[in-house]
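Trainee: Sending over start_20.csv (CSV, C-alpha atoms).
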```csv
chain,number,residue,atom,x,y,z
A,123,MET,CA,12.8,-3.7,-16.0
A,124,SER,CA,16.2,-3.5,-14.2
A,125,ASP,CA,17.3,-0.6,-12.1
A,126,ILE,CA,20.1,0.4,-14.5
A,127,ALA,CA,17.7,0.4,-17.4
A,128,LEU,CA,15.8,3.2,-15.6
A,129,PHE,CA,18.9,5.4,-15.4
A,130,PRO,CA,18.0,7.5,-18.5
A,131,TYR,CA,14.6,8.4,-17.0
A,132,ILE,CA,16.3,9.2,-13.6
A,133,ALA,CA,18.8,11.4,-15.3
A,134,ALA,CA,16.1,13.2,-17.3
A,135,TYR,CA,13.5,13.7,-14.6
A,136,GLY,CA,15.4,13.3,-11.3
A,137,TYR,CA,13.4,13.5,-8.1
A,138,TRP,CA,10.2,14.1,-10.0
A,139,ALA,CA,10.4,10.6,-11.6
A,140,VAL,CA,10.7,9.1,-8.1
A,141,PHE,CA,7.9,11.2,-6.7
A,142,PHE,CA,5.3,10.7,-9.5
A,143,ILE,CA,5.9,7.0,-10.1
A,144,VAL,CA,5.8,6.2,-6.4
A,145,MET,CA,2.7,8.4,-6.0
A,146,LEU,CA,0.8,6.7,-8.9
A,147,GLU,CA,1.7,3.2,-7.7
A,148,SER,CA,0.5,4.1,-4.2
A,149,ALA,CA,-2.8,5.3,-5.6
A,150,GLY,CA,-3.4,2.0,-7.3
A,151,VAL,CA,-1.7,2.3,-10.7
A,152,PRO,CA,0.6,-0.7,-11.5
A,153,LEU,CA,3.9,1.0,-11.8
A,154,PRO,CA,7.4,0.0,-10.4
A,155,GLY,CA,7.6,2.5,-7.5
A,156,GLU,CA,10.1,0.5,-5.4
A,157,THR,CA,12.3,-0.3,-8.4
A,158,VAL,CA,12.4,3.4,-9.3
A,159,LEU,CA,13.4,4.3,-5.8
A,160,VAL,CA,16.2,1.8,-5.7
A,161,ALA,CA,17.3,2.9,-9.2
A,162,ALA,CA,17.5,6.5,-8.2
A,163,ALA,CA,19.4,5.6,-5.1
A,164,LEU,CA,21.8,3.5,-7.1
A,165,TYR,CA,22.2,6.3,-9.7
A,166,ALA,CA,23.0,8.8,-6.9
A,167,SER,CA,25.6,6.5,-5.5
A,168,MET,CA,27.3,5.9,-8.8
A,169,THR,CA,27.2,9.4,-10.3
A,170,GLY,CA,26.7,11.8,-7.4
A,171,ASP,CA,24.2,13.8,-9.6
A,172,LEU,CA,21.4,13.4,-7.1
A,173,ASN,CA,21.1,13.8,-3.4
A,174,ILE,CA,20.1,10.7,-1.6
A,175,VAL,CA,18.2,12.6,1.2
A,176,ALA,CA,16.2,14.4,-1.5
A,177,ILE,CA,15.4,11.0,-3.1
A,178,VAL,CA,14.2,9.6,0.1
A,179,ILE,CA,12.0,12.7,0.8
A,180,ALA,CA,10.6,12.5,-2.8
A,181,ALA,CA,9.7,8.8,-2.3
A,182,ALA,CA,8.2,9.3,1.1
A,183,ALA,CA,6.1,12.3,-0.1
A,184,GLY,CA,5.0,10.3,-3.2
A,185,ALA,CA,4.0,7.4,-1.0
A,186,GLY,CA,2.1,9.5,1.5
A,187,ILE,CA,0.2,11.6,-1.2
A,188,GLY,CA,-0.5,8.6,-3.4
A,189,ASP,CA,-1.8,6.5,-0.6
A,190,SER,CA,-4.1,9.4,0.5
A,191,ILE,CA,-5.5,9.7,-3.0
A,192,GLY,CA,-6.1,5.9,-3.1
A,193,TYR,CA,-7.8,6.1,0.3
A,194,TRP,CA,-10.2,8.8,-0.7
A,195,ILE,CA,-11.0,7.1,-4.0
A,196,GLY,CA,-11.8,4.0,-2.1
A,197,ARG,CA,-13.8,5.9,0.5
A,198,ARG,CA,-15.7,8.1,-2.0
A,199,PHE,CA,-16.5,5.5,-4.7
A,200,GLY,CA,-15.6,2.0,-3.4
A,201,PHE,CA,-18.0,1.9,-0.5
A,202,PRO,CA,-21.1,3.2,-2.3
A,203,ILE,CA,-20.5,0.9,-5.2
A,204,LEU,CA,-20.1,-2.2,-2.9
A,205,TYR,CA,-23.1,-1.1,-0.8
A,206,ARG,CA,-25.3,-0.9,-3.9
A,207,TYR,CA,-24.1,-3.8,-5.9
A,208,GLY,CA,-22.3,-6.0,-3.4
A,209,PRO,CA,-25.3,-8.3,-2.7
A,210,TYR,CA,-25.3,-9.4,-6.3
A,211,VAL,CA,-21.8,-10.9,-5.8
A,212,GLY,CA,-22.2,-12.2,-2.3
A,213,LEU,CA,-21.2,-9.1,-0.4
A,214,GLY,CA,-24.3,-8.2,1.4
A,215,GLU,CA,-24.5,-5.8,4.4
A,216,PRO,CA,-23.3,-8.4,7.0
A,217,ARG,CA,-20.1,-9.1,5.0
A,218,LEU,CA,-19.5,-5.5,4.3
A,219,LYS,CA,-19.8,-4.7,8.0
A,220,LEU,CA,-17.5,-7.6,8.7
A,221,GLY,CA,-14.9,-6.1,6.4
A,222,GLN,CA,-15.1,-2.8,8.2
A,223,TYR,CA,-14.8,-4.5,11.5
A,224,LEU,CA,-11.7,-6.6,10.5
A,225,PHE,CA,-10.0,-3.6,8.9
A,226,GLN,CA,-10.6,-1.4,12.0
A,227,ARG,CA,-9.0,-4.1,14.1
A,228,TYR,CA,-6.0,-4.9,11.9
A,229,GLY,CA,-6.1,-2.0,9.4
A,230,GLY,CA,-3.1,-0.3,10.9
A,231,GLY,CA,-0.8,-3.3,10.3
A,232,ILE,CA,-2.2,-3.7,6.8
A,233,VAL,CA,-1.5,-0.1,5.9
A,234,PHE,CA,2.0,0.0,7.5
A,235,PHE,CA,3.4,-3.3,6.4
A,236,GLY,CA,1.5,-3.2,3.1
A,237,ARG,CA,4.0,-0.6,2.0
A,238,PHE,CA,6.7,-3.4,1.9
A,239,VAL,CA,4.6,-5.9,-0.1
A,240,ALA,CA,4.3,-5.4,-3.9
A,241,LEU,CA,0.6,-6.0,-4.4
A,242,LEU,CA,-0.5,-4.5,-1.1
A,243,ARG,CA,1.5,-1.4,-1.9
A,244,MET,CA,-0.9,-0.7,-4.7
A,245,PHE,CA,-4.2,-1.6,-3.0
A,246,ALA,CA,-3.8,-1.2,0.8
A,247,ALA,CA,-4.9,2.5,0.7
A,248,LEU,CA,-7.9,1.7,-1.6
A,249,LEU,CA,-8.9,-1.1,0.8
A,250,ALA,CA,-8.6,1.2,3.8
A,251,GLY,CA,-10.9,3.7,2.1
A,252,VAL,CA,-13.4,1.1,1.0
A,253,ASN,CA,-13.6,-0.4,4.5
A,254,GLN,CA,-13.9,3.1,6.2
A,255,PHE,CA,-10.7,2.8,8.2
A,256,PRO,CA,-10.6,6.0,10.3
A,257,TRP,CA,-8.7,8.8,8.4
A,258,GLY,CA,-6.6,9.8,11.4
A,259,GLN,CA,-5.3,6.3,12.0
A,260,PHE,CA,-4.8,5.8,8.3
A,261,LEU,CA,-2.7,8.9,8.1
A,262,PHE,CA,-0.5,7.9,11.0
A,263,PHE,CA,0.2,4.4,9.7
A,264,ASN,CA,0.5,5.6,6.1
A,265,VAL,CA,3.0,8.3,6.8
A,266,SER,CA,5.1,6.2,9.2
A,267,GLY,CA,5.1,3.2,6.8
A,268,GLY,CA,6.0,5.4,3.8
A,269,ILE,CA,8.9,7.1,5.6
A,270,LEU,CA,10.4,3.8,6.8
A,271,TRP,CA,10.0,2.2,3.4
A,272,ALA,CA,11.7,5.2,1.7
A,273,ILE,CA,14.5,5.1,4.2
A,274,VAL,CA,15.1,1.4,4.0
A,275,PHE,CA,15.1,1.1,0.2
A,276,GLY,CA,16.5,4.6,-0.5
A,277,PHE,CA,19.5,4.4,1.8
A,278,GLY,CA,19.8,0.7,1.2
A,279,GLY,CA,20.1,1.2,-2.6
A,280,TYR,CA,22.6,4.0,-2.0
A,281,LEU,CA,24.8,2.1,0.4
A,282,PHE,CA,24.6,-1.4,-1.0
A,283,GLY,CA,23.9,-0.6,-4.6
A,284,GLU,CA,23.8,-3.6,-6.9
A,285,ALA,CA,23.6,-6.1,-4.0
A,286,LEU,CA,20.2,-4.6,-3.1
A,287,GLU,CA,19.2,-4.6,-6.8
A,288,ARG,CA,19.8,-8.3,-7.0
A,289,MET,CA,17.7,-8.8,-3.8
A,290,THR,CA,14.8,-6.6,-4.6
A,291,SER,CA,13.0,-8.9,-7.1
A,292,PRO,CA,13.4,-12.1,-5.0
A,293,LEU,CA,12.2,-10.2,-1.9
A,294,ALA,CA,9.2,-8.9,-3.8
A,295,VAL,CA,8.3,-12.4,-4.9
A,296,ILE,CA,8.7,-13.8,-1.4
A,297,THR,CA,6.7,-11.1,0.4
A,298,THR,CA,4.0,-11.2,-2.2
A,299,THR,CA,3.8,-15.0,-1.9
A,300,VAL,CA,3.6,-14.7,1.8
A,301,ALA,CA,0.8,-12.1,1.5
A,302,ILE,CA,-1.2,-14.2,-0.9
A,303,VAL,CA,-0.9,-17.3,1.3
A,304,ALA,CA,-1.8,-15.3,4.4
A,305,ALA,CA,-4.8,-13.9,2.5
A,306,ILE,CA,-6.0,-17.3,1.5
A,307,LEU,CA,-5.6,-18.7,5.0
A,308,GLY,CA,-7.3,-15.7,6.5
A,309,ALA,CA,-10.2,-16.0,4.1
A,310,ARG,CA,-10.6,-19.7,5.0
A,311,ALA,CA,-10.6,-18.8,8.7
A,312,ILE,CA,-13.1,-16.1,8.2
A,313,ARG,CA,-15.4,-18.4,6.3
A,314,LYS,CA,-15.1,-21.0,9.0
A,315,TYR,CA,-16.0,-18.6,11.8
A,316,GLU,CA,-18.0,-16.2,9.8
A,317,GLU,CA,-21.2,-16.2,11.9
A,318,ASN,CA,-19.2,-15.6,15.1
A,319,LEU,CA,-17.2,-12.8,13.4
A,320,GLN,CA,-20.3,-11.2,12.0
A,321,ALA,CA,-21.9,-11.2,15.5
A,322,ALA,CA,-18.7,-9.5,16.8
A,323,ALA,CA,-18.9,-7.0,14.0
A,324,GLU,CA,-22.5,-6.2,14.7
A,325,LYS,CA,-21.7,-5.7,18.4
A,326,ALA,CA,-18.8,-3.3,17.5
A,327,LEU,CA,-20.7,-1.5,14.7
A,328,PRO,CA,-24.4,-1.7,15.7
A,329,GLY,CA,-27.2,-0.5,13.5
A,330,PRO,CA,-27.5,-0.1,9.7
A,331,LEU,CA,-24.3,-0.1,7.7
A,332,ARG,CA,-23.3,3.4,6.8
A,333,ARG,CA,-20.4,5.4,5.5
A,334,ARG,CA,-18.5,6.4,8.6
A,335,VAL,CA,-17.2,10.0,9.0
```
Can you give me the file's structure in the form of structure tokens?

Mentor:
Amino acid sequence: MSDIALFPYIAAYGYWAVFFIVMLESAGVPLPGETVLVAAALYASMTGDLNIVAIVIAAAAGAGIGDSIGYWIGRRFGFPILYRYGPYVGLGEPRLKLGQYLFQRYGGGIVFFGRFVALLRMFAALLAGVNQFPWGQFLFFNVSGGILWAIVFGFGGYLFGEALERMTSPLAVITTTVAIVAAILGARAIRKYEENLQAAAEKALPGPLRRRV
């Protein structure tokens, strides 16, 4: 759906449309949060009916709250489910502990930069919760990433309008492709050095695997 096609919804629901769609996407629902943000910014630029600062605030708030919801869903339900049923799909305790270890080492970057990648924008918070990424660190990277994302695409859409609209889809494809390739290469590297990484994970997280507070 193009940005201009969203104008009727933006006109009808204003800042709430931006807030709720961004929030739901951040919580894991497949909705076009970034497209709605750019559409609202473009609408504000063309009509003057909405305030761009309020749009950016609505998007940043939606991103922060939605990611927090996704995080706690992953933390409350994801970890217990994987802990109980993971061994049936090759995710026994050593691999679950390895996931926690890797996320605690690189989780900040995943949460922060994931806001700018289409697929990660939906699932980064859930993964953070599942892998028991510490809440305080998650909150910092989540809020800072959400604010920067809202500023870049909000003010970008307002200042550059249709030029940014034409760039949004190709950029989303490029960043998503890069993320997928990086995930594949990362998975191959982990598999190759899995025993060493599991030993490092055990050293960093000794004892039985548990839900971390």

Trainee: For a quick check of understanding, using only C-alpha atoms, which of A:Gly192, A:Leu159, A:Gly236, A:Gly258 has the smallest distance to Ile174 (chain A)?

Mentor: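 Ranking A:Gly192, A:Leu159, A:Gly236, A:Gly258 by distance to Ile174 (chain A), first place goes to A:Leu159.
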
Trainee: List as a ChimeraX atom specification the protein and nucleic acid residues near Tyr165 (chain A), meaning an atom at most 10 Å away when only C-alpha atoms are counted, but skip any in the same chain fewer than 5 places from it.

Mentor: /A:125-126,128-130,132-133,136,159-160,170-174,279-280,283

Trainee: Report, in Å to a single decimal, how far apart CA of Met168 (chain A) and CA of Leu281 (chain A) are.

Mentor: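 About the pair CA of Leu281 (chain A) and CA of Met168 (chain A): they are 10.3 Å apart.
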
Trainee: Counting all atoms listed in the file, write as a PyMOL selection string all protein and nucleic acid residues lying at most 12 Å from (-6.3, 7.0, -2.6) in the file's frame.

Mentor: chain A and resi 145-151+184-200+243-252+257+260-261+264

Trainee: Of the residues A:Leu242, A:Leu218, A:Val233, A:Leu224, which is the one nearest to Gly268 (chain A), using only C-alpha atoms?

Mentor: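 Of A:Leu242, A:Leu218, A:Val233, A:Leu224, the one nearest Gly268 (chain A), counting only C-alpha atoms, is A:Val233.
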
Trainee: May I have the residues within 12 Å of Tyr137 (chain A) as an NGL selection string, using all atoms listed in the file and disregarding those fewer than 6 positions away in the same chain?

Mentor: :A and (131 or 143-144 or 158-159 or 161-163 or 165-166 or 171-184)

Trainee: Could you take the residues named above and write them with C-alpha atoms, as a short mmCIF file (atom, residue, chain, number, x, y, z; two decimals), in the coordinates of the input?

Mentor:
```cif
data_model
loop_
_atom_site.label_atom_id
_atom_site.label_comp_id
_atom_site.auth_asym_id
_atom_site.auth_seq_id
_atom_site.Cartn_x
_atom_site.Cartn_y
_atom_site.Cartn_z
CA TYR A 131 14.60 8.40 -17.00
CA ILE A 143 5.90 7.00 -10.10
CA VAL A 144 5.80 6.20 -6.40
CA VAL A 158 12.40 3.40 -9.30
CA LEU A 159 13.40 4.30 -5.80
CA ALA A 161 17.30 2.90 -9.20
CA ALA A 162 17.50 6.50 -8.20
CA ALA A 163 19.40 5.60 -5.10
CA TYR A 165 22.20 6.30 -9.70
CA ALA A 166 23.00 8.80 -6.90
CA ASP A 171 24.20 13.80 -9.60
CA LEU A 172 21.40 13.40 -7.10
CA ASN A 173 21.10 13.80 -3.40
CA ILE A 174 20.10 10.70 -1.60
CA VAL A 175 18.20 12.60 1.20
CA ALA A 176 16.20 14.40 -1.50
CA ILE A 177 15.40 11.00 -3.10
CA VAL A 178 14.20 9.60 0.10
CA ILE A 179 12.00 12.70 0.80
CA ALA A 180 10.60 12.50 -2.80
CA ALA A 181 9.70 8.80 -2.30
CA ALA A 182 8.20 9.30 1.10
CA ALA A 183 6.10 12.30 -0.10
CA GLY A 184 5.00 10.30 -3.20
#
```

Trainee: What is the CA of Asn253 (chain A) to CA of Leu204 (chain A) distance in Å?

Mentor: 10.0 Å

Trainee: Report the distance between CA of Tyr207 (chain A) and CA of Leu220 (chain A) in Å, rounded to one decimal place.

Mentor: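 So the two atoms, CA of Tyr207 (chain A) and CA of Leu220 (chain A), lie 16.5 Å apart.
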
Trainee: Using all atoms listed in the file, collect all residues at a distance of at most 8 Å from (-15.9, -2.6, 9.0) as written in the file, then present them as a ChimeraX atom specification.

Mentor: /A:218-226,253-255,323,327

Trainee: Using only C-alpha atoms for the distances, tell me which of A:Ala139, A:Ala134, A:Leu270, A:Leu319 is nearest to Pro154 (chain A).

Mentor: A:Ala139

Trainee: From the options A:Trp271, A:Pro216, A:Ile203, A:Trp138, which residue's atoms come nearest to Lys325 (chain A), counting all atoms listed in the file?

Mentor: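 Closest to Lys325 (chain A) of all the choices is A:Pro216.
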
Trainee: With only C-alpha atoms as the basis for distance, which of A:Tyr135, A:Thr157, A:Ser167, A:Asn318 is at the shortest distance from Phe277 (chain A)?

Mentor: A:Ser167
